[in-house]
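**Q** What follows is my_file_16.cif, mmCIF, C-alpha atoms.
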```cif
data_model
#
loop_
_atom_site.group_PDB
_atom_site.id
_atom_site.type_symbol
_atom_site.label_atom_id
_atom_site.label_comp_id
_atom_site.auth_asym_id
_atom_site.auth_seq_id
_atom_site.Cartn_x
_atom_site.Cartn_y
_atom_site.Cartn_z
ATOM 1 C CA GLN A 1 -93.041 176.892 136.494
ATOM 2 C CA VAL A 2 -89.515 175.501 136.351
ATOM 3 C CA GLN A 3 -89.113 172.790 133.760
ATOM 4 C CA LEU A 4 -86.648 169.964 133.999
ATOM 5 C CA ALA A 5 -85.964 167.932 130.861
ATOM 6 C CA GLU A 6 -85.400 164.197 131.127
ATOM 7 C CA SER A 7 -84.017 161.937 128.410
ATOM 8 C CA GLY A 8 -82.516 158.482 128.004
ATOM 9 C CA GLY A 9 -85.468 156.210 128.570
ATOM 10 C CA GLY A 10 -86.231 153.230 126.375
ATOM 11 C CA SER A 11 -86.871 149.509 126.257
ATOM 12 C CA VAL A 12 -84.281 147.054 127.477
ATOM 13 C CA ARG A 13 -84.085 143.377 128.318
ATOM 14 C CA ALA A 14 -83.893 142.391 131.968
ATOM 15 C CA GLY A 15 -80.335 142.638 133.207
ATOM 16 C CA GLY A 16 -79.541 145.486 130.855
ATOM 17 C CA SER A 17 -78.636 149.099 131.531
ATOM 18 C CA LEU A 18 -79.871 152.577 130.751
ATOM 19 C CA ARG A 19 -78.650 156.023 131.688
ATOM 20 C CA LEU A 20 -81.125 158.793 132.238
ATOM 21 C CA SER A 21 -80.189 162.460 131.986
ATOM 22 C CA CYS A 22 -81.879 165.563 133.280
ATOM 23 C CA VAL A 23 -80.971 169.099 132.329
ATOM 24 C CA ALA A 24 -81.918 171.797 134.813
ATOM 25 C CA PRO A 25 -82.252 175.490 133.974
ATOM 26 C CA GLY A 26 -79.126 177.429 134.780
ATOM 27 C CA TYR A 27 -80.988 179.913 136.916
ATOM 28 C CA ILE A 28 -81.735 177.287 139.563
ATOM 29 C CA VAL A 29 -79.066 178.000 142.121
ATOM 30 C CA GLY A 30 -78.675 177.527 145.830
ATOM 31 C CA ARG A 31 -79.067 174.567 148.145
ATOM 32 C CA LEU A 32 -80.954 172.066 146.069
ATOM 33 C CA CYS A 33 -82.053 168.531 146.477
ATOM 34 C CA MET A 34 -82.229 166.823 143.101
ATOM 35 C CA GLY A 35 -83.295 163.325 142.350
ATOM 36 C CA TRP A 36 -85.447 160.841 140.552
ATOM 37 C CA PHE A 37 -88.810 159.342 141.168
ATOM 38 C CA ARG A 38 -90.823 156.843 139.155
ATOM 39 C CA GLN A 39 -94.429 155.938 138.754
ATOM 40 C CA ALA A 40 -95.918 152.878 137.138
ATOM 41 C CA PRO A 41 -99.564 152.759 136.019
ATOM 42 C CA GLY A 42 -101.860 152.226 138.967
ATOM 43 C CA GLN A 43 -99.055 152.553 141.476
ATOM 44 C CA GLU A 44 -97.949 155.287 143.815
ATOM 45 C CA ARG A 45 -95.011 157.527 143.086
ATOM 46 C CA GLU A 46 -91.730 156.124 144.384
ATOM 47 C CA VAL A 47 -88.784 158.412 145.009
ATOM 48 C CA ILE A 48 -85.729 156.312 144.268
ATOM 49 C CA ALA A 49 -82.651 158.510 144.567
ATOM 50 C CA SER A 50 -81.581 161.955 145.662
ATOM 51 C CA ILE A 51 -78.441 164.032 145.784
ATOM 52 C CA TYR A 52 -77.925 167.145 147.878
ATOM 53 C CA THR A 53 -76.082 169.541 145.608
ATOM 54 C CA ASN A 54 -74.495 171.437 148.506
ATOM 55 C CA THR A 55 -72.615 168.422 149.924
ATOM 56 C CA GLY A 56 -73.001 165.649 147.358
ATOM 57 C CA SER A 57 -74.757 163.475 149.921
ATOM 58 C CA ILE A 58 -76.705 160.673 148.218
ATOM 59 C CA THR A 59 -79.688 158.637 149.330
ATOM 60 C CA TYR A 60 -81.295 155.635 147.628
ATOM 61 C CA THR A 61 -84.440 153.734 148.307
ATOM 62 C CA ASP A 62 -83.867 150.069 149.079
ATOM 63 C CA SER A 63 -85.324 148.763 145.823
ATOM 64 C CA VAL A 64 -82.529 150.316 143.727
ATOM 65 C CA LYS A 65 -79.527 150.202 146.063
ATOM 66 C CA GLY A 66 -76.549 148.557 144.457
ATOM 67 C CA ARG A 67 -78.062 148.780 140.973
ATOM 68 C CA PHE A 68 -78.698 152.488 140.325
ATOM 69 C CA THR A 69 -76.238 155.355 140.648
ATOM 70 C CA ILE A 70 -77.163 159.014 140.791
ATOM 71 C CA SER A 71 -74.618 161.648 139.844
ATOM 72 C CA GLN A 72 -74.418 165.276 138.853
ATOM 73 C CA ASP A 73 -72.394 167.454 136.524
ATOM 74 C CA ASN A 74 -72.635 170.911 137.998
ATOM 75 C CA ALA A 75 -70.866 172.541 135.073
ATOM 76 C CA GLU A 76 -73.545 171.263 132.717
ATOM 77 C CA ASN A 77 -76.472 171.563 135.173
ATOM 78 C CA THR A 78 -77.147 167.923 134.440
ATOM 79 C CA LEU A 79 -78.292 165.103 136.673
ATOM 80 C CA TYR A 80 -77.809 161.461 135.754
ATOM 81 C CA LEU A 81 -79.224 158.125 136.799
ATOM 82 C CA GLN A 82 -77.204 155.101 135.736
ATOM 83 C CA MET A 83 -79.417 152.044 135.955
ATOM 84 C CA ASN A 84 -77.787 148.619 135.849
ATOM 85 C CA GLY A 85 -79.249 145.199 136.428
ATOM 86 C CA LEU A 86 -82.680 146.356 135.322
ATOM 87 C CA LYS A 87 -85.668 144.240 136.266
ATOM 88 C CA PRO A 88 -89.200 144.134 134.828
ATOM 89 C CA GLU A 89 -90.461 145.712 138.051
ATOM 90 C CA ASP A 90 -88.358 148.786 137.236
ATOM 91 C CA THR A 91 -90.732 149.535 134.363
ATOM 92 C CA ALA A 92 -92.224 152.972 134.953
ATOM 93 C CA MET A 93 -92.203 156.589 133.903
ATOM 94 C CA TYR A 94 -89.124 158.186 135.417
ATOM 95 C CA TYR A 95 -89.102 161.816 136.463
ATOM 96 C CA CYS A 96 -86.305 164.157 137.420
ATOM 97 C CA ALA A 97 -87.173 166.299 140.419
ATOM 98 C CA ALA A 98 -85.723 169.199 142.353
ATOM 99 C CA ARG A 99 -86.564 171.330 145.356
ATOM 100 C CA TYR A 100 -84.850 173.887 147.497
ATOM 101 C CA ASP A 101 -83.522 172.288 150.656
ATOM 102 C CA HIS A 102 -81.682 174.488 153.152
ATOM 103 C CA THR A 103 -80.457 171.667 155.420
ATOM 104 C CA GLY A 104 -80.550 168.539 153.283
ATOM 105 C CA ALA A 105 -83.321 167.030 155.355
ATOM 106 C CA TYR A 106 -85.705 166.657 152.446
ATOM 107 C CA CYS A 107 -82.991 164.938 150.440
ATOM 108 C CA SER A 108 -82.237 162.445 153.186
ATOM 109 C CA ALA A 109 -85.928 161.665 153.470
ATOM 110 C CA LEU A 110 -86.366 161.350 149.686
ATOM 111 C CA ARG A 111 -89.038 164.030 149.689
ATOM 112 C CA PHE A 112 -89.841 166.230 146.710
ATOM 113 C CA ASP A 113 -93.185 167.640 147.725
ATOM 114 C CA ASP A 114 -93.375 171.339 146.925
ATOM 115 C CA GLY A 115 -90.680 170.780 144.332
ATOM 116 C CA PHE A 116 -90.681 170.791 140.557
ATOM 117 C CA TRP A 117 -90.137 168.090 137.969
ATOM 118 C CA GLY A 118 -90.113 167.298 134.288
ATOM 119 C CA ARG A 119 -92.452 165.474 131.947
ATOM 120 C CA GLY A 120 -90.784 162.126 132.476
ATOM 121 C CA THR A 121 -89.133 159.494 130.319
ATOM 122 C CA GLN A 122 -90.462 155.967 129.928
ATOM 123 C CA VAL A 123 -88.378 152.973 130.952
ATOM 124 C CA THR A 124 -89.620 149.535 129.942
ATOM 125 C CA VAL A 125 -87.828 146.369 131.002
ATOM 126 C CA PHE A 126 -88.908 143.116 129.380
ATOM 127 C CA SER A 127 -88.003 139.603 130.422
#
```
In structure tokens, what does this structure look like?
**A**
Amino acid sequence: QVQLAESGGGSVRAGGSLRLSCVAPGYIVGRLCMGWFRQAPGQEREVIASIYTNTGSITYTDSVKGRFTISQDNAENTLYLQMNGLKPEDTAMYYCAARYDHTGAYCSALRFDDGFWGRGTQVTVFS
């Protein structure tokens, strides 16, 4: 089982910022879709951002567009999620995810089924 390691969560006042990081094992190579999803207690998983490592193509779900930025550092095998303008409704456990994606279709559709992910990092936004 591939393990991704997230960090950077915490508690922040509404309007504040956090940056999440995710380190992927170096042996994960090839055409990958990497991204972030979140899950709040009692709610369904929501995939919020993805990046197709082959082309750098990025997709966001509507709820985070204009506030969150996903990026990657290939040299460090690290994925980032810069979160600005945080709102209380952003409170959730955030997970880094990855899956092999030959065409980028899963990335565009924000799909990580049959992928792998980490243990998550908690983000709490208070008003």
**Q** Any chance you could resolve the PyMOL selection byres ((chain A and resi 19) around 12) against this file and give the residues as a ChimeraX atom specification?
**A** /A:6-12,16-18,20-22,67-71,79-86,94,121-123
**Q** Based on the selection just made, write C-alpha atoms of those residues as a short mmCIF file (atom, residue, chain, number, x, y, z; two decimals), in the coordinates of the input.
**A**
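Wrote part13.cif, looks like this:
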```cif
data_model
loop_
_atom_site.label_atom_id
_atom_site.label_comp_id
_atom_site.auth_asym_id
_atom_site.auth_seq_id
_atom_site.Cartn_x
_atom_site.Cartn_y
_atom_site.Cartn_z
CA GLU A 6 -85.40 164.20 131.13
CA SER A 7 -84.02 161.94 128.41
CA GLY A 8 -82.52 158.48 128.00
CA GLY A 9 -85.47 156.21 128.57
CA GLY A 10 -86.23 153.23 126.38
CA SER A 11 -86.87 149.51 126.26
CA VAL A 12 -84.28 147.05 127.48
CA GLY A 16 -79.54 145.49 130.85
CA SER A 17 -78.64 149.10 131.53
CA LEU A 18 -79.87 152.58 130.75
CA LEU A 20 -81.12 158.79 132.24
CA SER A 21 -80.19 162.46 131.99
CA CYS A 22 -81.88 165.56 133.28
CA ARG A 67 -78.06 148.78 140.97
CA PHE A 68 -78.70 152.49 140.32
CA THR A 69 -76.24 155.35 140.65
CA ILE A 70 -77.16 159.01 140.79
CA SER A 71 -74.62 161.65 139.84
CA LEU A 79 -78.29 165.10 136.67
CA TYR A 80 -77.81 161.46 135.75
CA LEU A 81 -79.22 158.12 136.80
CA GLN A 82 -77.20 155.10 135.74
CA MET A 83 -79.42 152.04 135.96
CA ASN A 84 -77.79 148.62 135.85
CA GLY A 85 -79.25 145.20 136.43
CA LEU A 86 -82.68 146.36 135.32
CA TYR A 94 -89.12 158.19 135.42
CA THR A 121 -89.13 159.49 130.32
CA GLN A 122 -90.46 155.97 129.93
CA VAL A 123 -88.38 152.97 130.95
#
```
**Q** Could you name the residues that touch A:Thr61 at 7 Å or less, counting all atoms listed in the file, but leaving out those on the same chain fewer than 2 positions away, as JSON, numbers by chain?
**A** {"A": [48, 49, 59, 63, 64, 65]}
**Q** Using all atoms listed in the file and a cutoff of 9 Å, can you tell me which residues are near (-73.3, 175.9, 138.2) in the file's coordinates, and write them out as a list of chain:residue names?
**A**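 The residues near that point, listed by chain and number, are A:Gly26, A:Tyr27, A:Ile28, A:Val29, A:Asp73, A:Asn74, A:Ala75, A:Glu76, A:Asn77.
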**Q** Report the closest atom pair, with its distance in Å rounded to one decimal, for each residue of stretch 2-74 of chain A that has an atom no farther than 10 Å from stretch 99-104 of chain A; count only C-alpha atoms, sort by chain and then rising residue number, and write it as JSON lines.
**A**
```
{"residue": "A:Ile28", "atom": "CA", "partner": "A:Tyr100", "partner_atom": "CA", "distance": 9.2}
{"residue": "A:Val29", "atom": "CA", "partner": "A:Tyr100", "partner_atom": "CA", "distance": 8.9}
{"residue": "A:Gly30", "atom": "CA", "partner": "A:Tyr100", "partner_atom": "CA", "distance": 7.4}
{"residue": "A:Arg31", "atom": "CA", "partner": "A:Asp101", "partner_atom": "CA", "distance": 5.6}
{"residue": "A:Leu32", "atom": "CA", "partner": "A:Tyr100", "partner_atom": "CA", "distance": 4.5}
{"residue": "A:Cys33", "atom": "CA", "partner": "A:Arg99", "partner_atom": "CA", "distance": 5.4}
{"residue": "A:Met34", "atom": "CA", "partner": "A:Arg99", "partner_atom": "CA", "distance": 6.6}
{"residue": "A:Gly35", "atom": "CA", "partner": "A:Arg99", "partner_atom": "CA", "distance": 9.2}
{"residue": "A:Ile51", "atom": "CA", "partner": "A:Gly104", "partner_atom": "CA", "distance": 9.0}
{"residue": "A:Tyr52", "atom": "CA", "partner": "A:Gly104", "partner_atom": "CA", "distance": 6.2}
{"residue": "A:Thr53", "atom": "CA", "partner": "A:Gly104", "partner_atom": "CA", "distance": 8.9}
{"residue": "A:Asn54", "atom": "CA", "partner": "A:Gly104", "partner_atom": "CA", "distance": 8.2}
{"residue": "A:Thr55", "atom": "CA", "partner": "A:Gly104", "partner_atom": "CA", "distance": 8.6}
{"residue": "A:Ser57", "atom": "CA", "partner": "A:Gly104", "partner_atom": "CA", "distance": 8.4}
```
**Q** What lies within 12 Å of A:Gly42 using only C-alpha atoms, ignoring chain neighbours under 3 positions off, as a PyMOL selection string?
**A** chain A and resi 38-39+45+92-93
**Q** Give me, please, the distance in Å between atom CA of A:Gly15 and atom CA of A:Thr124, quoted to one decimal.
**A**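 It comes out at 12.0 Å.
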**Q** If I wrap all listed atoms of stretch 17-34 of chain A in a box with edges along x, y and z and add 5 Å on each side, what are its centre and edge lengths in Å to one decimal, as AutoDock Vina command-line options?
**A**
```
--center_x -80.4 --center_y 164.5 --center_z 139.4 --size_x 13.6 --size_y 40.8 --size_z 27.4
```
**Q** Between atom CA of A:Gly120 and atom CA of A:Ala5, what is the distance, to one decimal in Å?
**A**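 The value is 7.7 Å.
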**Q** So that I can see what lies close to A:Leu4, please list as an mmCIF file with C-alpha atoms, keeping the file's coordinate frame the residues with an atom at most 7 Å from it, counting all atoms listed in the file and leaving out residues fewer than 2 positions away in the same chain.
**A**
```cif
data_model
loop_
_atom_site.group_PDB
_atom_site.id
_atom_site.type_symbol
_atom_site.label_atom_id
_atom_site.label_comp_id
_atom_site.auth_asym_id
_atom_site.auth_seq_id
_atom_site.Cartn_x
_atom_site.Cartn_y
_atom_site.Cartn_z
ATOM 1 C CA VAL A 2 -89.515 175.501 136.351
ATOM 2 C CA GLU A 6 -85.400 164.197 131.127
ATOM 3 C CA CYS A 22 -81.879 165.563 133.280
ATOM 4 C CA VAL A 23 -80.971 169.099 132.329
ATOM 5 C CA ALA A 24 -81.918 171.797 134.813
ATOM 6 C CA CYS A 96 -86.305 164.157 137.420
ATOM 7 C CA TRP A 117 -90.137 168.090 137.969
ATOM 8 C CA GLY A 118 -90.113 167.298 134.288
#
```
**Q** Rounded to one decimal in Å, what is the spacing between atom CA of A:Tyr106 and atom CA of A:Glu46?
**A**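 Between atom CA of A:Tyr106 and atom CA of A:Glu46 the gap works out to 14.6 Å.
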**Q** Nearest to A:Ala40 among A:Phe116, A:Ser127, A:Tyr95, A:Ser108, with distances taken over all atoms listed in the file: which residue is it?
**A** A:Tyr95
**Q** Tell me which residues come within 6 Å of (-86.9, 148.6, 135.8), as a PyMOL selection string, counting all atoms listed in the file in the file's coordinates.
**A** chain A and resi 86-91+125
**Q** With all atoms listed in the file as the atoms that count, which of A:Val47, A:Ala109, A:Thr78, A:Pro25 lies nearest to A:Gln3?
**A**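 Checking each candidate against A:Gln3, we get A:Pro25 as the closest.
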